[in-house]
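One structure is given below, encoded as structure tokens.
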Amino acid sequence: MTTATQKTADNHNNERVACQSQMEQNSDKTGMNEKMEMSSKQEKHLPDGKWTPYLFFCISSIALASFQDGFQIGCINAPGPLIIEWIKQCHFELFGETLSQYKADFIWSIAVSMFSVGGMFGSFCSGYLADRFGRKSTLLYNNILALIAATCLSSSKLLNLYPMIVVGRFLVGLNCGITSGLVPMFLTELAPANLRGKCGSFHQLNISVAIVLSQALGLPFIFGSQEGWPYIFACVAIPTFLQLATIPFCVESPKYLISKLNDREGARRVLEHLRGHTKVDEELEHMVQETMMTAEPTHQPGYLALFKGENQWPMIVSILMMFSQQFSGISAVTFYSTLIFKRNGLSGNEPMYATVGFGCIKLIATFGCLFLIDHPKFGRKRLHIAGLSGMCVSSILIVITLTLSNAGFRWASYLNILFILSFVVTFAFGPGPIPWFFTSELFDSATRGRAAAVSATSNWIANWMVGLTFLPINNIIHQYAFLMFTFFTFTFAIFTWKLVPETKGKSPSAIRKELIFMKKRLLS
């Protein structure tokens with residue numbers, strides 16, 4: 001009897017302890033949810049920021065670093081055959097043996113791919129450098145790499161050393177990798193919530209400007225000659241010197257000052273300078289709250305921590321957003337546009353002029369995206385889905401018109417050029433700018449730097465894979481290679497529709513909450 005009574009009492013005690021434990025866990029979850037909701041409400045009630053002269057100056061100066069990335073993407077298209085011929089000549093003078101066309105092409109392919117290899121290393125280091133030395137200092141000293149790379153690339157012909165091309169491409173890739181992880185994050189951290197999209201798009205805008213300029217410089221009557229191509233590489237020093245002259249007058253990220261240096265007064269001064277007024281208490285308090293929410297040990301930044309716990313799914317989504325940009329096929333069109341136009345029947349210098357023309361149209365479309373990305377009726381998600389859908393349809397029409405053109409229907413080649421144009425324009429309206437700053441909107445101050453580094457690294461890896469595999473696959477299955485991009489753009493459009501939340505004007509905690517909800521709803 002006594003034993004039975006004791007067992008009953010023990011069971012009651014165990015049930016009470018379990019109940020108390022469950023209540024504490026629910027209380028912790030409720031507290032965290034209340035913090036998230038409070039953070040979300042605070043951001044919703046933040047006053048809309050406006051463009052000020054100083055904000056525009058800082059955004060423009062920071063985005064100059066992105067110019068290098070676009071320039072190096074576009075500058076190899078037109079002078080490539082000229083550089084290959086020089087490599088053959090240089091090899092004979094250095095080693096006394098004639099280099100075959102296959103080996104010369106292979107050396108040039110290595111030089112071209114070194115840009116992506118350097119980009120992978122640079123982007124992976126960008127998060128650590130940004131958190132360790134600050135956004136501004138990292139960006140400032142990153143220009144040293146750009147100047148060394150420009151010297152190697154532009155003086156290689158003068159010194160008659162083609163290995164300098166390979167070294168220069170790796171160094172400039174390292175520079176651009178750091179830029180790709182750092183610049184979109186820095187831009188969005190300076191911007192008020194309602195202008196994050198526009199400010200973040202300056203990264204892609206400068207890339208588009210640089211691609212057009214580099215392609216134009218490669219035209220035969222400018223620097224597209226055997227004597228002139230080294231000057232193309234030398235031109236990248238101009239924006240580098242311009243940024244070196246202007247970046248010292250820019251401010252450090254206020255979010256970095258609070259989250260890493262605990263300098264609340266410094267962040268206040270920065271915000272007052274950027275916003276052009278002293279009423280920054282609400283915005284400052286929101287940044288402090290965001291930092292406090294991630295001040296616990298489980299939220300401390302680290303590359304492995306990004307793939308565990310509550311960071312895992314947001315990190316996977318960020319990487320897939322980057323994949324949606326590169327596996328859309330835009331890199332293939334950019335790298336091999338001149339070759340594609342030649343196969344469409346354009347001859348002489350016409351393919352190069354067509355490539356420059358397409359770059360100009362893409363630039364105009366990127367400008368258009370600036371006005372839509374923060375518009376109440378659009379936002380990131382709708383533009384991204386619309387862009388991927390447009391690219392999906394365009395890629396199918398590209399395959400159809402190329403097939404008809406190869407069958408002897410001359411009119412189909414003109415339609416094909418039109419559909420390549422629509423492919424590029426729809427990319428510029430969504431998949432072009434949005435993935436770059438999506439990560440910065442999804443992660444808080446404590447994890448943003450390293451999350452941006454991981455997502456940028458994934459972008460470079462995807463870029464390298466597409467650049468390496470498209471031409472061999474195209475040589476085997478010809479125009480049907482574009483059907484790969486049909487599959488990828490369709491898949492990523494569905495993924496964005498089902499699993500990616502709208503991020504416009506929302507706090508990281510509110511976005512992550514919606515992200516987890518969408519995942520659970522789909523799985524259930």
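Following the order of the structure tokens, chains are lettered A, B, ..., residues in each are numbered from 1, and ligands are numbered from 1.
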**Report entry** Contacts of range 230-246 of chain A within 9 Å, only C-alpha atoms, excl. fewer than 6 positions in-chain, as a ChimeraX atom specification
**Finding:** /A:57-58,61-65,67-68,71-72,75,140-141,143-144,146-147,149-151,153-158,214,217-218,223-224
Requested in this report: Identify which of the residues A:Ile373, A:Phe307, A:Ile207, A:Gly368 lies closest to Ile319 in chain A, counting only C-alpha atoms when measuring atom-to-atom distances.
Outcome: A:Phe307
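Comparing the minimum interatomic distances between Phe490 in chain A and each of A:Leu388, A:Glu85, A:Leu346, A:Phe341, counting only C-alpha atoms, we find that A:Leu388 sits nearest.
Relative to CA of Phe371 in chain A, CA of Lys255 in chain A is found at 25.7 Å.
Residue nearest Phe186 in chain A, chosen from A:Lys381, A:His277, A:Arg448, A:Lys513 and counting only C-alpha atoms: A:Arg448.
Proximity to Phe492 in chain A was assessed for A:Leu161, A:Leu99, A:Val317, A:Ala365 counting only C-alpha atoms; the smallest distance is recorded for A:Val317.
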Requested in this report: Can you check which residues of range 240-483 of chain A DSSP gives as helix (DSSP H, G or I) on the backbone and send them as a ChimeraX atom specification?
Outcome: /A:240-249,254-259,264-275,281-293,297-299,304-307,309-326,330-335,337-343,350-372,380-406,410-428,434-442,445-483
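In this comparison, which uses only C-alpha atoms, the residue of A:Lys362, A:Lys498, A:Lys50, A:Lys88 approaching Leu195 in chain A most closely is A:Lys50.
The list of residues with at least one atom within 12 Å of Tyr480 in chain A, based on only C-alpha atoms and without residues fewer than 6 positions apart in the same chain, reads Ser395, Ile396, Leu397, Ile398, Val399, Ile400, Thr401, Leu402, Thr403, Phe470, Leu471, Ile473, Asn474, Thr486 and Phe487 of chain A.
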Output of the above residues as a compact mmCIF listing (two decimals), in the first residue's frame, restricted to all heavy atoms:
```
# COMPACT_ATOMS: atom_id res chain seq x y z
N SER A 395 14.48 30.91 -73.40
CA SER A 395 15.43 29.83 -73.73
C SER A 395 14.79 28.79 -74.65
O SER A 395 15.46 28.25 -75.54
CB SER A 395 15.95 29.17 -72.45
OG SER A 395 14.89 28.59 -71.71
N ILE A 396 13.50 28.52 -74.43
CA ILE A 396 12.80 27.59 -75.32
C ILE A 396 12.72 28.16 -76.74
O ILE A 396 12.97 27.46 -77.73
CB ILE A 396 11.38 27.30 -74.79
CG1 ILE A 396 11.45 26.56 -73.45
CG2 ILE A 396 10.57 26.47 -75.80
CD1 ILE A 396 10.10 26.40 -72.76
N LEU A 397 12.38 29.44 -76.84
CA LEU A 397 12.27 30.09 -78.15
C LEU A 397 13.63 30.21 -78.83
O LEU A 397 13.73 30.16 -80.06
CB LEU A 397 11.63 31.47 -77.98
CG LEU A 397 10.18 31.45 -77.49
CD1 LEU A 397 9.69 32.86 -77.19
CD2 LEU A 397 9.27 30.78 -78.53
N ILE A 398 14.70 30.36 -78.03
CA ILE A 398 16.06 30.39 -78.60
C ILE A 398 16.38 29.06 -79.27
O ILE A 398 16.92 29.01 -80.38
CB ILE A 398 17.10 30.70 -77.50
CG1 ILE A 398 17.02 32.18 -77.10
CG2 ILE A 398 18.52 30.38 -77.98
CD1 ILE A 398 17.83 32.54 -75.87
N VAL A 399 16.03 27.95 -78.61
CA VAL A 399 16.28 26.62 -79.18
C VAL A 399 15.48 26.43 -80.47
O VAL A 399 16.01 25.94 -81.48
CB VAL A 399 15.90 25.52 -78.16
CG1 VAL A 399 15.97 24.14 -78.80
CG2 VAL A 399 16.83 25.58 -76.96
N ILE A 400 14.21 26.84 -80.45
CA ILE A 400 13.35 26.67 -81.64
C ILE A 400 13.88 27.46 -82.82
O ILE A 400 14.01 26.94 -83.94
CB ILE A 400 11.89 27.08 -81.31
CG1 ILE A 400 11.28 26.13 -80.29
CG2 ILE A 400 11.04 27.13 -82.58
CD1 ILE A 400 9.92 26.56 -79.77
N THR A 401 14.21 28.74 -82.59
CA THR A 401 14.68 29.59 -83.70
C THR A 401 16.06 29.17 -84.20
O THR A 401 16.34 29.28 -85.40
CB THR A 401 14.70 31.06 -83.27
OG1 THR A 401 15.40 31.19 -82.01
CG2 THR A 401 13.29 31.60 -83.10
N LEU A 402 16.94 28.70 -83.28
CA LEU A 402 18.24 28.20 -83.73
C LEU A 402 18.08 26.95 -84.60
O LEU A 402 18.79 26.79 -85.61
CB LEU A 402 19.13 27.87 -82.52
CG LEU A 402 19.97 29.01 -81.95
CD1 LEU A 402 20.68 28.56 -80.68
CD2 LEU A 402 20.98 29.52 -82.97
N THR A 403 17.15 26.08 -84.23
CA THR A 403 16.89 24.88 -85.01
C THR A 403 16.37 25.24 -86.41
O THR A 403 16.82 24.66 -87.42
CB THR A 403 15.86 23.99 -84.29
OG1 THR A 403 16.33 23.68 -82.97
CG2 THR A 403 15.63 22.70 -85.05
N PHE A 470 29.64 24.89 -70.45
CA PHE A 470 28.67 25.24 -71.49
C PHE A 470 29.20 24.98 -72.89
O PHE A 470 28.52 24.36 -73.72
CB PHE A 470 28.24 26.70 -71.38
CG PHE A 470 27.34 27.14 -72.50
CD1 PHE A 470 26.03 26.71 -72.57
CD2 PHE A 470 27.83 27.96 -73.52
CE1 PHE A 470 25.20 27.10 -73.62
CE2 PHE A 470 27.02 28.34 -74.57
CZ PHE A 470 25.70 27.91 -74.62
N LEU A 471 30.41 25.46 -73.19
CA LEU A 471 30.94 25.33 -74.55
C LEU A 471 31.13 23.88 -74.96
O LEU A 471 30.72 23.49 -76.08
CB LEU A 471 32.25 26.12 -74.69
CG LEU A 471 32.68 26.46 -76.12
CD1 LEU A 471 31.59 27.23 -76.84
CD2 LEU A 471 33.98 27.25 -76.12
N ILE A 473 29.49 21.24 -73.86
CA ILE A 473 28.15 20.67 -74.03
C ILE A 473 27.50 21.21 -75.29
O ILE A 473 26.85 20.47 -76.05
CB ILE A 473 27.27 20.99 -72.79
CG1 ILE A 473 27.79 20.25 -71.56
CG2 ILE A 473 25.81 20.62 -73.05
CD1 ILE A 473 27.09 20.61 -70.28
N ASN A 474 27.70 22.52 -75.55
CA ASN A 474 27.14 23.14 -76.75
C ASN A 474 27.74 22.54 -78.02
O ASN A 474 27.05 22.40 -79.04
CB ASN A 474 27.40 24.65 -76.71
CG ASN A 474 26.69 25.39 -77.83
OD1 ASN A 474 25.48 25.42 -77.90
ND2 ASN A 474 27.47 25.98 -78.73
N THR A 486 16.49 26.11 -69.50
CA THR A 486 15.03 26.03 -69.40
C THR A 486 14.64 25.29 -68.13
O THR A 486 13.77 25.73 -67.36
CB THR A 486 14.43 25.31 -70.62
OG1 THR A 486 14.84 25.97 -71.82
CG2 THR A 486 12.92 25.29 -70.55
N PHE A 487 15.28 24.16 -67.91
CA PHE A 487 15.00 23.34 -66.72
C PHE A 487 15.33 24.11 -65.44
O PHE A 487 14.51 24.15 -64.51
CB PHE A 487 15.81 22.05 -66.78
CG PHE A 487 15.80 21.27 -65.49
CD1 PHE A 487 14.69 20.52 -65.12
CD2 PHE A 487 16.90 21.31 -64.65
CE1 PHE A 487 14.68 19.82 -63.92
CE2 PHE A 487 16.90 20.61 -63.45
CZ PHE A 487 15.78 19.86 -63.08
```
Query raised in the report: Within 12 Å of Leu306 in chain A, counting only C-alpha atoms, which residues qualify if same-chain residues fewer than 6 places away don't, as an NGL selection string?
Result: :A and (298-300 or 312-319 or 443-444 or 446-455)
**Report entry** Residue neighbourhood Arg512 in chain A, 8 Å, only C-alpha atoms, exclusion window fewer than 3 positions, as an MDAnalysis selection string
**Finding:** chainID A and resid 314 442 508:509 515:516
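Those residues that approach Leu372 in chain A to within 12 Å, counting only C-alpha atoms, are A:Leu195, A:Gly197, A:Lys198, A:Ser201, A:Ala365, A:Thr366, A:Phe367, A:Gly368, A:Pro376, A:Lys377, A:Phe378, A:Gly379, A:Arg380, A:Lys381, A:Arg382, A:Leu383, A:His384, A:Ala428, A:Phe429, A:Gly430, A:Pro433, A:Ile434, A:Lys504; same-chain residues fewer than 4 positions away are not listed.
Considering only C-alpha atoms, the residue among A:Ser123, A:Thr179, A:Ser66, A:Thr355 positioned nearest to Ala210 in chain A is A:Ser66.
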